[in-house]
Amino acid sequence: MSELLQIEIDRMREELSVLENAIGIFREYVEGAFQNEIGYVEGMRSDFTPKLKDILENMKDDRGGILLEKLDTYHRAATRIVDVLEKETDQAMAQDMGGE
């Protein structure tokens, strides 16, 4: 039984790693949204450049930062849960070995 639980803990860690990578990709989008495009617009030096820059600024997703915070919180909590499960499993295995 403890081997099965250890396998599941390993799988949970793998899934947490996938989530962490996805959060990193999303973070780049949220924190760098339209930065390249705004740089291109600033280089145009046209009469409509300020308006185009304003449009790009307004298109940024304000809710992305909130979602990113929630994802970070979820990831930290899930990591703590897996850490506790692993510690308890290791302790149970040690007790089983000591009791035999």
# chains A, B, ... in the order shown; residues from 1 in each chain; ligands from 1
>>> select_by_dssp(residues="region 34-89 of chain A", states="alpha helix (DSSP H)", output="ChimeraX atom specification")
/A:35-42,49-59,63-89
>>> residues_around(residues="Tyr40 (chain A)", least_positions_apart="2", cutoff="12 Å", atoms="only C-alpha atoms", output="VMD selection string")
chain A and resid 34 to 38 42 to 46 49 to 50 52 to 53 56
>>> write_last_selection(atoms="N, CA, C and O atoms", output="short mmCIF file (atom, residue, chain, number, x, y, z; two decimals), in the first residue's frame")
data_model
loop_
_atom_site.label_atom_id
_atom_site.label_comp_id
_atom_site.auth_asym_id
_atom_site.auth_seq_id
_atom_site.Cartn_x
_atom_site.Cartn_y
_atom_site.Cartn_z
N PHE A 34 2.02 42.84 -24.65
CA PHE A 34 2.13 43.92 -25.63
C PHE A 34 3.39 44.79 -25.47
O PHE A 34 3.47 45.86 -26.06
N GLN A 35 4.37 44.35 -24.68
CA GLN A 35 5.57 45.17 -24.50
C GLN A 35 6.33 45.34 -25.82
O GLN A 35 6.78 46.44 -26.14
N ASN A 36 6.48 44.24 -26.58
CA ASN A 36 7.17 44.34 -27.87
C ASN A 36 6.41 45.25 -28.82
O ASN A 36 7.00 46.10 -29.51
N GLU A 37 5.09 45.07 -28.86
CA GLU A 37 4.26 45.86 -29.76
C GLU A 37 4.31 47.34 -29.39
O GLU A 37 4.38 48.21 -30.26
N ILE A 38 4.28 47.61 -28.09
CA ILE A 38 4.35 49.01 -27.63
C ILE A 38 5.70 49.61 -28.03
O ILE A 38 5.78 50.77 -28.46
N GLU A 42 6.16 52.88 -30.37
CA GLU A 42 6.94 54.05 -29.95
C GLU A 42 7.99 54.42 -30.98
O GLU A 42 8.34 55.59 -31.12
N GLY A 43 8.48 53.44 -31.72
CA GLY A 43 9.48 53.70 -32.75
C GLY A 43 8.91 54.27 -34.03
O GLY A 43 9.66 54.72 -34.90
N MET A 44 7.61 54.29 -34.18
CA MET A 44 6.99 54.77 -35.43
C MET A 44 7.05 56.28 -35.59
O MET A 44 7.11 56.77 -36.69
N ARG A 45 6.98 56.99 -34.50
CA ARG A 45 7.04 58.46 -34.54
C ARG A 45 6.00 59.03 -35.51
O ARG A 45 6.31 59.77 -36.43
N SER A 46 4.77 58.66 -35.27
CA SER A 46 3.67 59.13 -36.10
C SER A 46 2.70 59.93 -35.23
O SER A 46 2.75 59.87 -34.01
N THR A 49 0.66 57.60 -33.04
CA THR A 49 1.41 56.72 -32.14
C THR A 49 0.87 56.76 -30.71
O THR A 49 0.66 55.70 -30.12
N PRO A 50 0.64 57.93 -30.11
CA PRO A 50 0.12 57.93 -28.73
C PRO A 50 -1.23 57.22 -28.60
O PRO A 50 -1.46 56.49 -27.64
N LEU A 52 -2.41 54.79 -30.58
CA LEU A 52 -2.19 53.36 -30.76
C LEU A 52 -1.58 52.74 -29.50
O LEU A 52 -1.96 51.65 -29.07
N LYS A 53 -0.67 53.47 -28.88
CA LYS A 53 -0.07 52.99 -27.64
C LYS A 53 -1.14 52.88 -26.56
O LYS A 53 -1.17 51.90 -25.81
N LEU A 56 -3.21 49.73 -27.12
CA LEU A 56 -2.51 48.53 -26.67
C LEU A 56 -2.50 48.43 -25.15
O LEU A 56 -2.67 47.35 -24.59
#
>>> atom_distance(atom1="CA of Glu88 (chain A)", atom2="CA of Asp10 (chain A)")
14.2 Å
>>> closest_residue(among="A:Asp47, A:Ile9, A:Asn58, A:Leu68", to="Arg27 (chain A)", atoms="only C-alpha atoms")
A:Leu68
>>> residues_around(residues="region 28-30 of chain A", least_positions_apart="2", cutoff="10 Å", atoms="only C-alpha atoms", output="list in words")
Ile23, Gly24, Ile25, Phe26, Gly32, Ala33, Phe34, Gln35, Lys60, Asp61, Asp62, Arg63, Gly64, Gly65, Ile66, Leu67 and Leu68 of chain A
>>> write_last_selection(atoms="all heavy atoms", output="short mmCIF file (atom, residue, chain, number, x, y, z; two decimals), in the first residue's frame")
data_model
loop_
_atom_site.label_atom_id
_atom_site.label_comp_id
_atom_site.auth_asym_id
_atom_site.auth_seq_id
_atom_site.Cartn_x
_atom_site.Cartn_y
_atom_site.Cartn_z
N ILE A 23 2.29 27.99 -15.29
CA ILE A 23 2.22 29.28 -14.59
C ILE A 23 3.32 30.20 -15.10
O ILE A 23 3.10 31.39 -15.31
CB ILE A 23 2.31 29.08 -13.06
CG1 ILE A 23 1.02 28.42 -12.53
CG2 ILE A 23 2.55 30.42 -12.35
CD1 ILE A 23 1.11 27.99 -11.07
N GLY A 24 4.51 29.65 -15.32
CA GLY A 24 5.63 30.46 -15.83
C GLY A 24 5.32 31.04 -17.20
O GLY A 24 5.61 32.21 -17.46
N ILE A 25 4.72 30.23 -18.07
CA ILE A 25 4.36 30.72 -19.40
C ILE A 25 3.30 31.80 -19.30
O ILE A 25 3.37 32.84 -19.95
CB ILE A 25 3.88 29.54 -20.28
CG1 ILE A 25 5.05 28.61 -20.58
CG2 ILE A 25 3.23 30.05 -21.57
CD1 ILE A 25 4.65 27.28 -21.18
N PHE A 26 2.30 31.56 -18.45
CA PHE A 26 1.23 32.53 -18.26
C PHE A 26 1.77 33.83 -17.65
O PHE A 26 1.37 34.92 -18.04
CB PHE A 26 0.12 31.94 -17.39
CG PHE A 26 -1.08 32.82 -17.23
CD1 PHE A 26 -1.83 33.20 -18.33
CD2 PHE A 26 -1.48 33.27 -15.98
CE1 PHE A 26 -2.95 34.01 -18.19
CE2 PHE A 26 -2.59 34.07 -15.83
CZ PHE A 26 -3.32 34.45 -16.94
N GLY A 32 4.29 40.69 -19.50
CA GLY A 32 4.91 41.30 -20.67
C GLY A 32 3.96 41.56 -21.82
O GLY A 32 4.40 41.74 -22.95
N ALA A 33 2.66 41.59 -21.50
CA ALA A 33 1.66 41.75 -22.55
C ALA A 33 1.89 43.02 -23.36
O ALA A 33 1.97 44.12 -22.82
CB ALA A 33 0.26 41.76 -21.95
N PHE A 34 2.02 42.84 -24.65
CA PHE A 34 2.13 43.92 -25.63
C PHE A 34 3.39 44.79 -25.47
O PHE A 34 3.47 45.86 -26.06
CB PHE A 34 0.89 44.82 -25.63
CG PHE A 34 -0.37 44.09 -26.00
CD1 PHE A 34 -1.39 43.95 -25.07
CD2 PHE A 34 -0.53 43.56 -27.26
CE1 PHE A 34 -2.56 43.27 -25.40
CE2 PHE A 34 -1.69 42.88 -27.60
CZ PHE A 34 -2.71 42.74 -26.65
N GLN A 35 4.37 44.35 -24.68
CA GLN A 35 5.57 45.17 -24.50
C GLN A 35 6.33 45.34 -25.82
O GLN A 35 6.78 46.44 -26.14
CB GLN A 35 6.47 44.57 -23.42
CG GLN A 35 5.90 44.68 -22.03
CD GLN A 35 5.52 46.10 -21.66
OE1 GLN A 35 6.28 47.04 -21.84
NE2 GLN A 35 4.31 46.27 -21.14
N LYS A 60 -4.60 45.30 -22.46
CA LYS A 60 -4.00 44.41 -21.48
C LYS A 60 -5.09 43.85 -20.57
O LYS A 60 -6.03 44.55 -20.21
CB LYS A 60 -2.96 45.15 -20.64
CG LYS A 60 -1.68 45.45 -21.37
CD LYS A 60 -0.69 46.09 -20.44
CE LYS A 60 0.61 46.40 -21.12
NZ LYS A 60 1.57 47.01 -20.20
N ASP A 61 -4.94 42.61 -20.18
CA ASP A 61 -5.90 41.94 -19.33
C ASP A 61 -5.58 42.22 -17.87
O ASP A 61 -4.61 41.70 -17.33
CB ASP A 61 -5.87 40.44 -19.60
CG ASP A 61 -6.90 39.67 -18.81
OD1 ASP A 61 -7.69 40.30 -18.08
OD2 ASP A 61 -6.93 38.44 -18.93
N ASP A 62 -6.41 43.04 -17.23
CA ASP A 62 -6.19 43.39 -15.83
C ASP A 62 -6.44 42.21 -14.89
O ASP A 62 -5.91 42.15 -13.80
CB ASP A 62 -7.08 44.56 -15.43
CG ASP A 62 -6.76 45.83 -16.19
OD1 ASP A 62 -5.61 45.98 -16.63
OD2 ASP A 62 -7.67 46.67 -16.34
N ARG A 63 -7.27 41.28 -15.32
CA ARG A 63 -7.61 40.13 -14.47
C ARG A 63 -6.53 39.06 -14.49
O ARG A 63 -6.53 38.17 -13.65
CB ARG A 63 -8.95 39.54 -14.90
CG ARG A 63 -10.10 40.53 -14.64
CD ARG A 63 -11.36 40.04 -15.26
NE ARG A 63 -11.17 40.14 -16.71
CZ ARG A 63 -12.04 39.71 -17.60
NH1 ARG A 63 -13.13 39.14 -17.23
NH2 ARG A 63 -11.80 39.84 -18.89
N GLY A 64 -5.61 39.14 -15.44
CA GLY A 64 -4.55 38.15 -15.53
C GLY A 64 -3.70 38.11 -14.27
O GLY A 64 -3.31 37.04 -13.81
N GLY A 65 -3.41 39.26 -13.71
CA GLY A 65 -2.61 39.32 -12.48
C GLY A 65 -3.30 38.66 -11.31
O GLY A 65 -2.67 37.97 -10.51
N ILE A 66 -4.61 38.84 -11.23
CA ILE A 66 -5.38 38.23 -10.15
C ILE A 66 -5.37 36.71 -10.30
O ILE A 66 -5.17 35.97 -9.33
CB ILE A 66 -6.83 38.78 -10.14
CG1 ILE A 66 -6.82 40.26 -9.79
CG2 ILE A 66 -7.71 37.99 -9.18
CD1 ILE A 66 -8.14 40.97 -10.04
N LEU A 67 -5.59 36.25 -11.53
CA LEU A 67 -5.56 34.81 -11.79
C LEU A 67 -4.18 34.24 -11.49
O LEU A 67 -4.05 33.16 -10.91
CB LEU A 67 -5.95 34.53 -13.24
CG LEU A 67 -5.93 33.07 -13.67
CD1 LEU A 67 -6.84 32.22 -12.79
CD2 LEU A 67 -6.33 32.96 -15.13
N LEU A 68 -3.14 34.97 -11.84
CA LEU A 68 -1.78 34.52 -11.58
C LEU A 68 -1.54 34.36 -10.08
O LEU A 68 -0.94 33.37 -9.65
CB LEU A 68 -0.79 35.51 -12.19
CG LEU A 68 0.66 35.10 -12.25
CD1 LEU A 68 0.83 33.78 -13.00
CD2 LEU A 68 1.48 36.18 -12.93
#
>>> atom_distance(atom1="CA of Arg13 (chain A)", atom2="CA of Met97 (chain A)")
24.9 Å
>>> residues_around(residues="Ala78 (chain A)", least_positions_apart="5", cutoff="12 Å", atoms="only C-alpha atoms", output="list in words")
Ile9, Met12, Arg13, Glu15, Leu16, Ser17, Leu19, Glu20, Leu71, Asp72, Thr73, Asp83, Val84 and Leu85 of chain A
>>> write_last_selection(atoms="N, CA and C atoms", output="compact mmCIF listing (two decimals), in the first residue's frame")
# COMPACT_ATOMS: atom_id res chain seq x y z
N ILE A 9 2.35 9.97 -5.01
CA ILE A 9 3.04 11.20 -4.61
C ILE A 9 3.99 11.63 -5.72
N MET A 12 1.93 13.14 -8.36
CA MET A 12 1.47 14.48 -7.97
C MET A 12 2.58 15.50 -8.16
N ARG A 13 3.81 15.12 -7.82
CA ARG A 13 4.95 16.04 -8.02
C ARG A 13 5.14 16.34 -9.50
N GLU A 15 2.80 16.35 -11.79
CA GLU A 15 1.70 17.24 -12.19
C GLU A 15 1.93 18.65 -11.67
N LEU A 16 2.48 18.77 -10.47
CA LEU A 16 2.82 20.09 -9.93
C LEU A 16 3.89 20.76 -10.78
N SER A 17 4.80 19.98 -11.30
CA SER A 17 5.84 20.52 -12.18
C SER A 17 5.22 21.04 -13.47
N LEU A 19 2.16 22.11 -13.80
CA LEU A 19 1.45 23.33 -13.42
C LEU A 19 2.42 24.50 -13.27
N GLU A 20 3.55 24.26 -12.63
CA GLU A 20 4.54 25.31 -12.43
C GLU A 20 5.05 25.86 -13.77
N LEU A 71 -3.29 31.19 -8.97
CA LEU A 71 -2.54 30.02 -9.41
C LEU A 71 -1.32 29.78 -8.53
N ASP A 72 -0.61 30.85 -8.20
CA ASP A 72 0.56 30.73 -7.32
C ASP A 72 0.14 30.19 -5.95
N THR A 73 -0.95 30.71 -5.41
CA THR A 73 -1.45 30.26 -4.11
C THR A 73 -1.84 28.79 -4.16
N ASP A 83 4.00 17.55 0.22
CA ASP A 83 5.12 17.43 1.16
C ASP A 83 4.69 16.71 2.44
N VAL A 84 3.53 17.09 2.96
CA VAL A 84 3.01 16.46 4.19
C VAL A 84 2.69 14.99 3.93
N LEU A 85 2.04 14.70 2.82
CA LEU A 85 1.73 13.30 2.49
C LEU A 85 3.00 12.46 2.38
